[in-house]
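Participant: Contents are compact mmCIF, C-alpha atoms; file name work.txt:
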```txt
# COMPACT_ATOMS: atom_id res chain seq x y z
CA MET A 13 0.00 0.00 0.00
CA GLY A 14 1.39 3.36 -1.02
CA ASP A 15 2.71 5.78 1.59
CA ARG A 16 0.13 8.36 0.63
CA MET A 17 -2.86 6.09 1.20
CA THR A 18 -5.25 7.56 3.74
CA VAL A 19 -8.34 6.01 5.28
CA ALA A 20 -11.22 7.51 7.24
CA LEU A 21 -13.64 5.58 9.41
CA ASP A 22 -17.26 6.71 9.66
CA VAL A 23 -17.84 6.89 13.43
CA ARG A 24 -21.31 8.42 13.50
CA CYS A 25 -22.69 5.25 15.11
CA LEU A 26 -20.73 5.97 18.28
CA GLU A 27 -23.53 8.36 19.13
CA GLN A 28 -25.58 5.19 19.83
CA PRO A 29 -23.30 3.41 22.33
CA PHE A 30 -25.42 0.26 22.61
CA SER A 31 -25.61 -0.16 18.82
CA SER A 32 -23.92 -3.23 17.34
CA TYR A 33 -22.33 -0.85 14.82
CA ALA A 34 -20.71 1.10 17.65
CA ARG A 35 -19.10 -2.13 18.79
CA VAL A 36 -17.88 -2.82 15.25
CA ILE A 37 -16.25 0.63 15.13
CA ARG A 38 -14.31 -0.20 18.28
CA LEU A 39 -13.17 -3.50 16.73
CA ILE A 40 -12.03 -1.77 13.54
CA ARG A 41 -10.02 0.69 15.61
CA SER A 42 -8.37 -2.18 17.49
CA ALA A 43 -7.58 -4.07 14.29
CA ALA A 44 -6.09 -0.96 12.67
CA ASN A 45 -3.89 -0.35 15.73
CA ALA A 46 -2.66 -3.95 15.59
CA VAL A 47 -1.22 -3.41 12.11
CA ASP A 48 -0.20 0.25 12.53
CA LEU A 49 -2.84 1.53 10.16
CA GLU A 50 -3.74 5.15 10.82
CA LEU A 51 -7.47 5.86 10.64
CA LYS A 52 -8.92 9.33 10.49
CA GLU A 53 -12.35 9.56 12.12
CA TRP A 54 -15.14 11.09 10.02
CA ARG A 55 -18.53 12.39 11.10
CA GLU A 56 -19.51 14.98 8.51
CA GLY A 57 -18.27 17.10 5.64
CA ALA A 58 -15.27 16.10 3.54
CA SER A 59 -13.28 13.01 4.48
CA GLY A 60 -10.03 14.33 3.05
CA THR A 61 -8.92 10.72 2.47
CA ASP A 62 -8.56 8.16 -0.30
CA VAL A 63 -11.01 5.73 1.35
CA LEU A 64 -14.00 6.21 3.65
CA TRP A 65 -15.16 3.08 5.48
CA THR A 66 -18.71 2.95 6.83
CA PRO A 67 -19.46 0.11 9.32
CA ASP A 68 -23.16 -0.13 8.42
CA PRO A 69 -25.07 -0.37 5.11
CA THR A 70 -25.65 3.33 4.48
CA LEU A 71 -24.33 5.93 2.09
CA PRO A 72 -22.43 8.51 4.15
CA PRO A 73 -23.23 12.13 3.22
CA VAL A 74 -19.57 12.90 2.54
CA THR A 75 -18.91 16.09 0.58
CA ASP A 76 -15.80 14.96 -1.33
CA GLN A 77 -15.35 11.78 -3.37
CA PRO A 78 -13.29 9.13 -1.56
CA ARG A 79 -13.58 5.46 -2.43
CA LEU A 80 -16.55 4.23 -0.39
CA TRP A 81 -16.01 1.02 1.54
CA ILE A 82 -19.38 0.00 2.95
CA THR A 83 -20.12 -2.85 5.34
CA VAL A 84 -23.06 -5.23 5.02
CA GLN A 85 -23.23 -7.10 8.32
CA ASP A 86 -26.12 -9.36 7.38
CA LEU A 87 -29.23 -9.67 5.23
CA ASN A 88 -31.70 -10.08 8.07
CA PRO A 89 -34.16 -7.55 6.59
CA MET A 90 -34.44 -9.76 3.48
CA LEU A 91 -35.19 -12.98 5.33
CA PRO A 92 -38.22 -14.39 7.16
CA ASP A 93 -38.06 -13.51 10.85
CA GLY A 94 -41.56 -14.15 12.15
CA ARG A 95 -43.02 -10.76 11.19
CA PRO A 96 -46.32 -10.58 9.28
CA ALA A 97 -45.96 -11.06 5.53
CA TRP A 98 -46.84 -7.45 4.66
CA SER A 99 -44.29 -6.13 7.16
CA ARG A 100 -41.56 -8.42 5.79
CA TYR A 101 -42.36 -7.33 2.24
CA ARG A 102 -42.06 -3.62 3.00
CA ARG A 103 -38.89 -4.12 5.04
CA ALA A 104 -37.26 -6.29 2.38
CA ARG A 105 -38.22 -3.86 -0.37
CA ARG A 106 -36.62 -0.93 1.45
CA TYR A 107 -33.45 -2.94 2.09
CA ARG A 108 -33.24 -4.10 -1.52
CA LYS A 109 -33.39 -0.50 -2.72
CA LEU A 110 -30.70 0.43 -0.22
CA ILE A 111 -28.32 -2.32 -1.34
CA ASP A 112 -28.94 -1.47 -5.01
CA THR A 113 -28.07 2.16 -4.28
CA ILE A 114 -24.97 1.20 -2.32
CA ASP A 115 -23.86 -1.14 -5.08
CA ARG A 116 -23.82 1.73 -7.58
CA ALA A 117 -21.73 3.94 -5.30
CA ALA A 118 -19.37 1.66 -3.37
CA TRP A 119 -15.76 0.77 -4.14
CA ARG A 120 -15.87 -2.35 -1.96
CA LEU A 121 -18.49 -4.12 0.18
CA ALA A 122 -17.20 -5.67 3.39
CA VAL A 123 -18.92 -8.75 4.84
CA PRO A 124 -17.95 -10.47 8.10
CA SER A 125 -18.41 -14.06 6.94
CA LEU A 126 -18.61 -16.31 3.89
CA ALA A 127 -22.19 -17.09 4.86
CA THR A 128 -23.12 -13.41 4.54
CA ALA A 129 -21.29 -13.17 1.20
CA LYS A 130 -23.22 -16.15 -0.17
CA SER A 131 -26.51 -14.76 1.08
CA LEU A 132 -25.76 -11.37 -0.47
CA GLN A 133 -24.88 -12.92 -3.82
CA GLN A 134 -27.98 -15.12 -3.71
CA HIS A 135 -30.35 -12.22 -3.14
CA PHE A 136 -28.47 -9.79 -5.41
CA PRO A 137 -27.15 -11.88 -8.33
CA LYS A 138 -26.38 -8.74 -10.36
CA LEU A 139 -24.20 -7.24 -7.65
CA GLN A 140 -21.24 -5.42 -9.23
CA THR A 141 -19.18 -4.27 -6.25
CA PRO A 142 -16.41 -6.68 -5.18
CA LEU A 143 -17.01 -8.35 -1.81
CA VAL A 144 -14.25 -8.58 0.79
CA GLN A 145 -14.41 -10.59 3.99
CA ILE A 146 -13.41 -8.76 7.17
CA PRO A 147 -14.03 -11.10 10.14
CA TRP A 148 -14.62 -9.74 13.63
CA PHE A 149 -13.07 -10.93 16.87
CA PRO A 150 -13.70 -10.77 20.61
CA ALA A 151 -12.39 -7.49 22.03
CA PRO A 152 -9.32 -7.90 24.28
CA GLU A 153 -11.36 -7.50 27.47
CA PHE A 154 -13.10 -10.79 26.71
CA GLN A 155 -10.70 -13.28 28.22
CA LEU A 156 -10.44 -15.88 30.93
CA ASP A 157 -9.62 -13.75 33.97
CA GLU A 158 -10.20 -15.21 37.40
CA SER A 159 -9.52 -11.82 39.00
CA LEU A 160 -12.78 -10.39 37.67
CA CYS A 161 -15.11 -9.43 40.48
CA PRO A 162 -18.46 -11.24 40.46
CA ASN A 163 -21.44 -9.06 39.63
CA LYS A 164 -23.36 -8.77 42.88
CA SER A 165 -26.64 -8.26 41.02
CA LEU A 166 -26.38 -11.73 39.46
CA PRO A 167 -27.23 -15.14 40.90
CA LYS A 168 -24.46 -17.48 41.95
CA ARG A 169 -21.92 -18.71 39.40
CA GLY A 170 -23.06 -21.40 36.96
CA TYR A 171 -26.23 -19.82 35.58
CA VAL A 172 -27.63 -20.39 32.09
CA LEU A 173 -26.96 -17.28 30.00
CA TYR A 174 -28.56 -15.66 26.96
CA VAL A 175 -27.21 -12.41 25.45
CA GLY A 176 -29.09 -10.77 22.60
CA ALA A 177 -31.96 -8.46 21.80
CA LEU A 178 -35.40 -9.98 22.31
CA ARG A 179 -36.14 -9.93 18.60
CA GLN A 180 -37.87 -12.69 16.70
CA HIS A 181 -34.89 -13.77 14.60
CA LYS A 182 -32.88 -14.27 17.80
CA ASN A 183 -35.24 -17.14 18.69
CA TRP A 184 -35.22 -16.17 22.39
CA PRO A 185 -38.41 -18.15 23.29
CA LEU A 186 -36.42 -21.34 22.82
CA VAL A 187 -34.16 -20.36 25.72
CA LEU A 188 -37.12 -20.04 28.08
CA GLN A 189 -38.61 -23.31 26.84
CA VAL A 190 -35.33 -25.16 27.26
CA TYR A 191 -34.76 -23.81 30.74
CA ALA A 192 -38.31 -24.68 31.80
CA ALA A 193 -37.79 -28.27 30.58
CA LEU A 194 -34.68 -28.83 32.71
CA PRO A 195 -35.15 -30.96 35.84
CA ALA A 196 -36.38 -28.87 38.77
CA ALA A 197 -33.35 -29.82 40.86
CA LEU A 198 -31.04 -28.48 38.14
CA ARG A 199 -33.00 -25.24 37.83
CA ALA A 200 -32.71 -24.79 41.59
CA GLN A 201 -28.93 -24.84 41.25
CA HIS A 202 -28.67 -22.83 38.00
CA ALA A 203 -30.69 -19.67 37.41
CA LEU A 204 -31.38 -18.22 33.96
CA VAL A 205 -29.97 -14.79 33.05
CA MET A 206 -31.48 -13.03 30.01
CA VAL A 207 -29.46 -10.04 28.80
CA GLY A 208 -30.58 -7.69 26.05
CA SER A 209 -32.97 -5.02 24.93
CA GLY A 210 -36.59 -5.95 25.46
CA HIS A 211 -38.26 -2.86 24.00
CA ARG A 212 -40.10 -5.00 21.44
CA SER A 213 -40.78 -8.23 23.30
CA GLY A 214 -39.82 -7.64 26.93
CA LYS A 215 -43.38 -7.86 28.26
CA GLN A 216 -44.11 -10.93 26.14
CA ALA A 217 -40.96 -12.64 27.43
CA ARG A 218 -41.88 -12.05 31.06
CA VAL A 219 -45.41 -13.33 30.49
CA MET A 220 -44.00 -16.43 28.86
CA ALA A 221 -41.62 -17.03 31.77
CA ALA A 222 -44.56 -16.79 34.17
CA GLN A 223 -46.64 -19.19 32.12
CA LEU A 224 -43.79 -21.69 32.09
CA GLY A 225 -43.49 -21.42 35.88
CA ILE A 226 -39.90 -20.15 35.86
CA ALA A 227 -40.38 -16.42 36.54
CA SER A 228 -38.70 -16.61 39.95
CA ASN A 229 -35.61 -18.21 38.41
CA VAL A 230 -35.14 -15.70 35.58
CA HIS A 231 -33.04 -12.56 35.93
CA TRP A 232 -33.56 -9.86 33.29
CA LEU A 233 -30.81 -7.37 32.45
CA GLU A 234 -31.13 -4.46 29.99
CA GLY A 235 -28.76 -1.64 29.09
CA LEU A 236 -25.74 -3.51 30.36
CA ALA A 237 -22.46 -1.72 29.59
CA ASP A 238 -19.89 -3.58 27.49
CA ALA A 239 -17.46 -3.33 30.40
CA ASP A 240 -19.76 -5.58 32.45
CA LEU A 241 -19.99 -8.34 29.85
CA PRO A 242 -16.71 -10.24 30.50
CA ALA A 243 -17.61 -11.01 34.11
CA LEU A 244 -21.14 -11.86 33.03
CA TYR A 245 -19.88 -14.46 30.55
CA GLN A 246 -17.23 -15.85 32.87
CA GLN A 247 -19.67 -16.60 35.68
CA ALA A 248 -22.05 -18.52 33.39
CA GLY A 249 -22.23 -22.30 33.33
CA VAL A 250 -23.42 -22.43 29.73
CA PHE A 251 -24.24 -19.89 27.01
CA LEU A 252 -27.26 -20.48 24.78
CA PHE A 253 -27.40 -18.79 21.36
CA PRO A 254 -30.31 -20.14 19.27
CA SER A 255 -30.33 -17.27 16.74
CA LEU A 256 -31.84 -18.03 13.34
CA LEU A 257 -29.97 -15.32 11.42
CA GLU A 258 -26.44 -14.07 12.12
CA GLY A 259 -24.07 -12.14 9.91
CA PHE A 260 -21.14 -13.24 12.07
CA GLY A 261 -22.03 -14.08 15.67
CA LEU A 262 -19.85 -12.23 18.17
CA PRO A 263 -21.63 -13.20 21.43
CA PRO A 264 -20.74 -16.91 21.28
CA LEU A 265 -17.11 -16.03 20.50
CA GLU A 266 -17.06 -13.61 23.44
CA ALA A 267 -18.46 -16.34 25.68
CA GLN A 268 -15.81 -18.79 24.50
CA ALA A 269 -13.06 -16.24 25.10
CA CYS A 270 -14.26 -16.04 28.72
CA GLY A 271 -14.16 -19.82 29.11
CA THR A 272 -17.90 -20.50 28.87
CA PRO A 273 -19.25 -23.57 27.00
CA VAL A 274 -21.50 -22.63 24.08
CA ILE A 275 -24.59 -24.20 22.56
CA ALA A 276 -25.57 -22.44 19.34
CA ALA A 277 -27.87 -22.81 16.37
CA ALA A 278 -26.51 -24.57 13.31
CA THR A 279 -27.64 -21.69 11.11
CA SER A 280 -26.24 -18.94 8.88
CA SER A 281 -22.68 -17.97 9.87
CA LEU A 282 -22.50 -19.82 13.20
CA PRO A 283 -21.13 -23.17 11.91
CA GLU A 284 -18.46 -21.21 10.01
CA VAL A 285 -17.42 -19.14 13.03
CA LEU A 286 -17.70 -21.83 15.70
CA ALA A 287 -16.82 -24.94 13.67
CA ASP A 288 -16.58 -27.94 16.03
CA SER A 289 -15.82 -25.86 19.12
CA ALA A 290 -19.46 -25.59 20.23
CA THR A 291 -22.53 -27.77 20.34
CA LEU A 292 -24.43 -26.81 17.16
CA LEU A 293 -28.09 -27.79 17.06
CA ASN A 294 -31.27 -27.37 15.06
CA PRO A 295 -32.74 -24.13 16.47
CA HIS A 296 -36.22 -25.67 16.47
CA ASP A 297 -35.35 -28.92 18.26
CA ALA A 298 -36.03 -27.96 21.88
CA GLU A 299 -35.48 -31.49 23.17
CA ALA A 300 -31.94 -31.58 21.76
CA TRP A 301 -31.19 -28.23 23.42
CA VAL A 302 -32.50 -29.52 26.74
CA ARG A 303 -30.26 -32.59 26.57
CA ALA A 304 -27.19 -30.58 25.62
CA THR A 305 -27.80 -27.96 28.31
CA GLN A 306 -28.39 -30.60 30.99
CA LEU A 307 -25.16 -32.37 30.02
CA LEU A 308 -23.00 -29.26 30.29
CA LEU A 309 -24.55 -28.24 33.61
CA SER A 310 -24.30 -31.65 35.24
CA ASP A 311 -21.15 -33.21 33.74
CA SER A 312 -17.99 -31.34 34.72
CA SER A 313 -15.87 -33.34 32.26
CA ALA A 314 -18.11 -32.42 29.32
CA ALA A 315 -18.09 -28.78 30.41
CA ALA A 316 -14.29 -28.74 30.65
CA THR A 317 -13.94 -30.25 27.20
CA ALA A 318 -16.31 -27.67 25.74
CA ARG A 319 -14.50 -24.87 27.54
CA GLU A 320 -11.09 -25.89 26.13
CA ALA A 321 -12.52 -26.25 22.62
CA GLY A 322 -13.94 -22.75 22.81
CA LEU A 323 -10.68 -21.24 24.03
CA ARG A 324 -8.85 -22.88 21.12
CA ASN A 325 -11.41 -21.60 18.64
CA VAL A 326 -11.11 -17.95 19.60
CA THR A 327 -7.38 -17.98 18.86
CA ARG A 328 -8.39 -17.94 15.18
CA TYR A 329 -9.91 -14.48 15.59
CA THR A 330 -7.53 -11.69 16.59
CA PRO A 331 -7.10 -7.95 15.94
CA THR A 332 -4.00 -8.70 13.89
CA PHE A 333 -5.81 -11.24 11.70
CA THR A 334 -8.56 -8.72 10.98
CA GLY A 335 -6.05 -5.89 10.53
CA GLU A 336 -4.15 -7.89 7.93
CA ALA A 337 -7.41 -8.54 6.08
CA ILE A 338 -8.02 -4.78 6.03
CA LEU A 339 -4.52 -4.09 4.70
CA SER A 340 -4.96 -6.68 1.94
CA VAL A 341 -8.06 -4.86 0.71
CA LEU A 342 -6.34 -1.48 0.73
CA ALA A 343 -3.40 -2.96 -1.17
CA GLU A 344 -5.74 -3.55 -4.11
CA ILE A 345 -5.74 0.20 -4.77
CA ASP A 346 -2.11 0.04 -5.92
CA GLU A 347 -2.62 -3.01 -8.13
```
Translate the structure of the given file into structure tokens.

Facilitator:
Amino acid sequence: MGDRMTVALDVRCLEQPFSSYARVIRLIRSAANAVDLELKEWREGASGTDVLWTPDPTLPPVTDQPRLWITVQDLNPMLPDGRPAWSRYRRARRYRKLIDTIDRAAWRLAVPSLATAKSLQQHFPKLQTPLVQIPWFPAPEFQLDESLCPNKSLPKRGYVLYVGALRQHKNWPLVLQVYAALPAALRAQHALVMVGSGHRSGKQARVMAAQLGIASNVHWLEGLADADLPALYQQAGVFLFPSLLEGFGLPPLEAQACGTPVIAAATSSLPEVLADSATLLNPHDAEAWVRATQLLLSDSSAAATAREAGLRNVTRYTPTFTGEAILSVLAEIDE
């Protein structure tokens, strides 16, 4: 890459600190630092750089003409997610128009996984912009650290953990169903902690927990700061991630980095990211999830094996690995 190459990062999403895009911005910064790539931060006006990278699928209102590098995290708006048909149609139509517009303007489209690339090519067979894969990674604070102080607001160590917004494509009802189907003696020893925004389905989730007879065992956490997540993961006995649609899947990697066994859905990008390091199951087979959860909570040998597999898996995803992927894309400018 030439000495004069300059890159700006669109950081407007930092104004929404709990946004997944804000987290991605922090990861891009870390990856750039790992490979000594200087990034100028852009919010408005002219970028003054050769390349402007936007971490979400939008066209930045930049006033000069840098090469636009735009990220498509996933195609969730294009796919069935439990919404009514008319709602899905309108949402998918808006997203299709957006991607078509981006395709005409972008220099490169970044995707976090091969699964997302395949999905994008399937839904947009006439796509002209080259796709580049930029994988994410657990931030450095996600690590096995026995010195972390337990969160006093949480139940005792060993709980069942779910982290994710209570949105339909996250398949959160399965977590409640699985927990309710565990033996009562096991539930008495292991609470359920549900972490994530419930502005759409929070009331529904609590009603469901009550109907299943597990309300007293469920702890609900919203608006949790990223700084609190490592201890949250590390104190869990098992992490459940039954999501139907994922562009990459950071939460299970974060859990693994903290030494927590993972059970995840065998869908979208998750088999690619987790490989054989986690228990991957049909996200609609509740009985299989119950058996797998019961095994990891009651068999210390199985839990230890899963923990070691997860720790090995996360070594594949580092700031340097992602930084080198970024540099390889920028090198194409000089070719």

Participant: Ranking A:Leu26, A:Leu194, A:Leu241, A:Ala221 by minimum distance to Gly176 in chain A and counting all atoms listed in the file, which one comes first?

Facilitator: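 Closest candidate: A:Leu241.
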
Participant: Between CA of Thr317 in chain A and CA of Ser289 in chain A, what is the distance in Å, rounded to a tenth?

Facilitator: 9.4 Å

Participant: So how far away is CA of Leu39 in chain A from CA of Glu53 in chain A, in Å?

Facilitator: 13.9 Å

Participant: Just to confirm, what's the straight-line distance from CA of Gly335 in chain A to CA of Pro147 in chain A in Å (one decimal)?

Facilitator: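 CA of Pro147 in chain A lies 9.5 Å from CA of Gly335 in chain A.
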
Participant: With all atoms listed in the file as the counted atoms, please give the residues lying no more than 10 Å from Ser255 in chain A, apart from itself and same-chain residues fewer than 6 positions off, as a list in words.

Facilitator: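 Counting all atoms listed in the file, the residues come to Gly176, Arg179, Gln180, His181, Lys182, Asn183, Trp184, Leu186, Gly261, Ala276, Ala277, Ala278, Thr279, Ser280, Leu282 and Pro295 of chain A.
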
Participant: If we count all atoms listed in the file and set the cut-off at 12 Å, which residues sit around Ala192 in chain A, ignoring sequence neighbours fewer than 2 positions away in its own chain? Please answer as a PyMOL selection string.

Facilitator: chain A and resi 172+185-190+194-200+202-204+220-230+298-299+301-302+305-306

Participant: Could you name the residues that touch range 232-237 of chain A at 12 Å or less, counting all atoms listed in the file, but leaving out those on the same chain fewer than 2 positions away, as number ranges by chain?

Facilitator: A: 28-31, 35, 163, 165-167, 173-178, 188, 203-211, 214-215, 217-218, 221, 227-230, 239-244

Participant: Need the shell around range 75-83 of chain A: protein/DNA/RNA residues with any atom at most 6 Å away, counting all atoms listed in the file. Skip same-chain ones fewer than 3 positions apart. Format as an MDAnalysis selection string?

Facilitator: chainID A and resid 57:58 62:69 118:122

Participant: For Asp86 in chain A, list every protein, DNA or RNA residue within 10 Å, evaluated using only C-alpha atoms, and leave out those in the same chain fewer than 4 positions away; present the list as a list of chain:residue names.

Facilitator: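 Everything that qualifies: A:Asp68, A:Pro69, A:Met90, A:Leu91, A:Val123, A:Pro124, A:Ser125, A:Ala127, A:Thr128, A:Ala129, A:Ser131, A:Leu132, A:Leu257, A:Glu258, A:Gly259, A:Phe260, A:Ser280, A:Ser281.
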
Participant: How about completing range 296-314 of chain A with N, CA and C atoms and giving it to me as a PDB file, keeping the file's coordinate frame?

Facilitator:
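Final output, saved to rebuild-v8.pdb:
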```pdb
ATOM      1  N   HIS A 296     -34.817 -25.372  16.198  1.00  0.00           N
ATOM      2  CA  HIS A 296     -36.220 -25.670  16.470  1.00  0.00           C
ATOM      3  C   HIS A 296     -36.398 -26.976  17.248  1.00  0.00           C
ATOM      4  N   ASP A 297     -35.299 -27.640  17.550  1.00  0.00           N
ATOM      5  CA  ASP A 297     -35.350 -28.920  18.260  1.00  0.00           C
ATOM      6  C   ASP A 297     -35.100 -28.675  19.753  1.00  0.00           C
ATOM      7  N   ALA A 298     -36.165 -28.306  20.455  1.00  0.00           N
ATOM      8  CA  ALA A 298     -36.030 -27.960  21.880  1.00  0.00           C
ATOM      9  C   ALA A 298     -35.494 -29.124  22.699  1.00  0.00           C
ATOM     10  N   GLU A 299     -35.911 -30.330  22.383  1.00  0.00           N
ATOM     11  CA  GLU A 299     -35.480 -31.490  23.170  1.00  0.00           C
ATOM     12  C   GLU A 299     -33.961 -31.668  23.096  1.00  0.00           C
ATOM     13  N   ALA A 300     -33.388 -31.457  21.901  1.00  0.00           N
ATOM     14  CA  ALA A 300     -31.940 -31.580  21.760  1.00  0.00           C
ATOM     15  C   ALA A 300     -31.226 -30.511  22.582  1.00  0.00           C
ATOM     16  N   TRP A 301     -31.789 -29.307  22.632  1.00  0.00           N
ATOM     17  CA  TRP A 301     -31.190 -28.230  23.420  1.00  0.00           C
ATOM     18  C   TRP A 301     -31.272 -28.540  24.910  1.00  0.00           C
ATOM     19  N   VAL A 302     -32.365 -29.143  25.322  1.00  0.00           N
ATOM     20  CA  VAL A 302     -32.500 -29.520  26.740  1.00  0.00           C
ATOM     21  C   VAL A 302     -31.434 -30.532  27.116  1.00  0.00           C
ATOM     22  N   ARG A 303     -31.258 -31.557  26.278  1.00  0.00           N
ATOM     23  CA  ARG A 303     -30.260 -32.590  26.570  1.00  0.00           C
ATOM     24  C   ARG A 303     -28.853 -32.007  26.626  1.00  0.00           C
ATOM     25  N   ALA A 304     -28.536 -31.156  25.672  1.00  0.00           N
ATOM     26  CA  ALA A 304     -27.190 -30.580  25.620  1.00  0.00           C
ATOM     27  C   ALA A 304     -26.943 -29.654  26.815  1.00  0.00           C
ATOM     28  N   THR A 305     -27.945 -28.867  27.176  1.00  0.00           N
ATOM     29  CA  THR A 305     -27.800 -27.960  28.310  1.00  0.00           C
ATOM     30  C   THR A 305     -27.649 -28.745  29.611  1.00  0.00           C
ATOM     31  N   GLN A 306     -28.456 -29.772  29.779  1.00  0.00           N
ATOM     32  CA  GLN A 306     -28.390 -30.600  30.990  1.00  0.00           C
ATOM     33  C   GLN A 306     -27.013 -31.256  31.117  1.00  0.00           C
ATOM     34  N   LEU A 307     -26.471 -31.717  29.989  1.00  0.00           N
ATOM     35  CA  LEU A 307     -25.160 -32.370  30.020  1.00  0.00           C
ATOM     36  C   LEU A 307     -24.077 -31.405  30.497  1.00  0.00           C
ATOM     37  N   LEU A 308     -24.061 -30.199  29.949  1.00  0.00           N
ATOM     38  CA  LEU A 308     -23.000 -29.260  30.290  1.00  0.00           C
ATOM     39  C   LEU A 308     -23.134 -28.723  31.716  1.00  0.00           C
ATOM     40  N   LEU A 309     -24.356 -28.706  32.245  1.00  0.00           N
ATOM     41  CA  LEU A 309     -24.550 -28.240  33.610  1.00  0.00           C
ATOM     42  C   LEU A 309     -24.267 -29.319  34.658  1.00  0.00           C
ATOM     43  N   SER A 310     -24.411 -30.566  34.258  1.00  0.00           N
ATOM     44  CA  SER A 310     -24.300 -31.650  35.240  1.00  0.00           C
ATOM     45  C   SER A 310     -23.041 -32.500  35.098  1.00  0.00           C
ATOM     46  N   ASP A 311     -22.333 -32.381  33.986  1.00  0.00           N
ATOM     47  CA  ASP A 311     -21.150 -33.210  33.740  1.00  0.00           C
ATOM     48  C   ASP A 311     -19.930 -32.287  33.646  1.00  0.00           C
ATOM     49  N   SER A 312     -19.128 -32.250  34.681  1.00  0.00           N
ATOM     50  CA  SER A 312     -17.990 -31.340  34.720  1.00  0.00           C
ATOM     51  C   SER A 312     -16.952 -31.676  33.649  1.00  0.00           C
ATOM     52  N   SER A 313     -16.824 -32.938  33.293  1.00  0.00           N
ATOM     53  CA  SER A 313     -15.870 -33.340  32.260  1.00  0.00           C
ATOM     54  C   SER A 313     -16.307 -32.811  30.895  1.00  0.00           C
ATOM     55  N   ALA A 314     -17.599 -32.930  30.587  1.00  0.00           N
ATOM     56  CA  ALA A 314     -18.110 -32.420  29.320  1.00  0.00           C
ATOM     57  C   ALA A 314     -17.971 -30.900  29.253  1.00  0.00           C
TER      58      ALA A 314
END
```
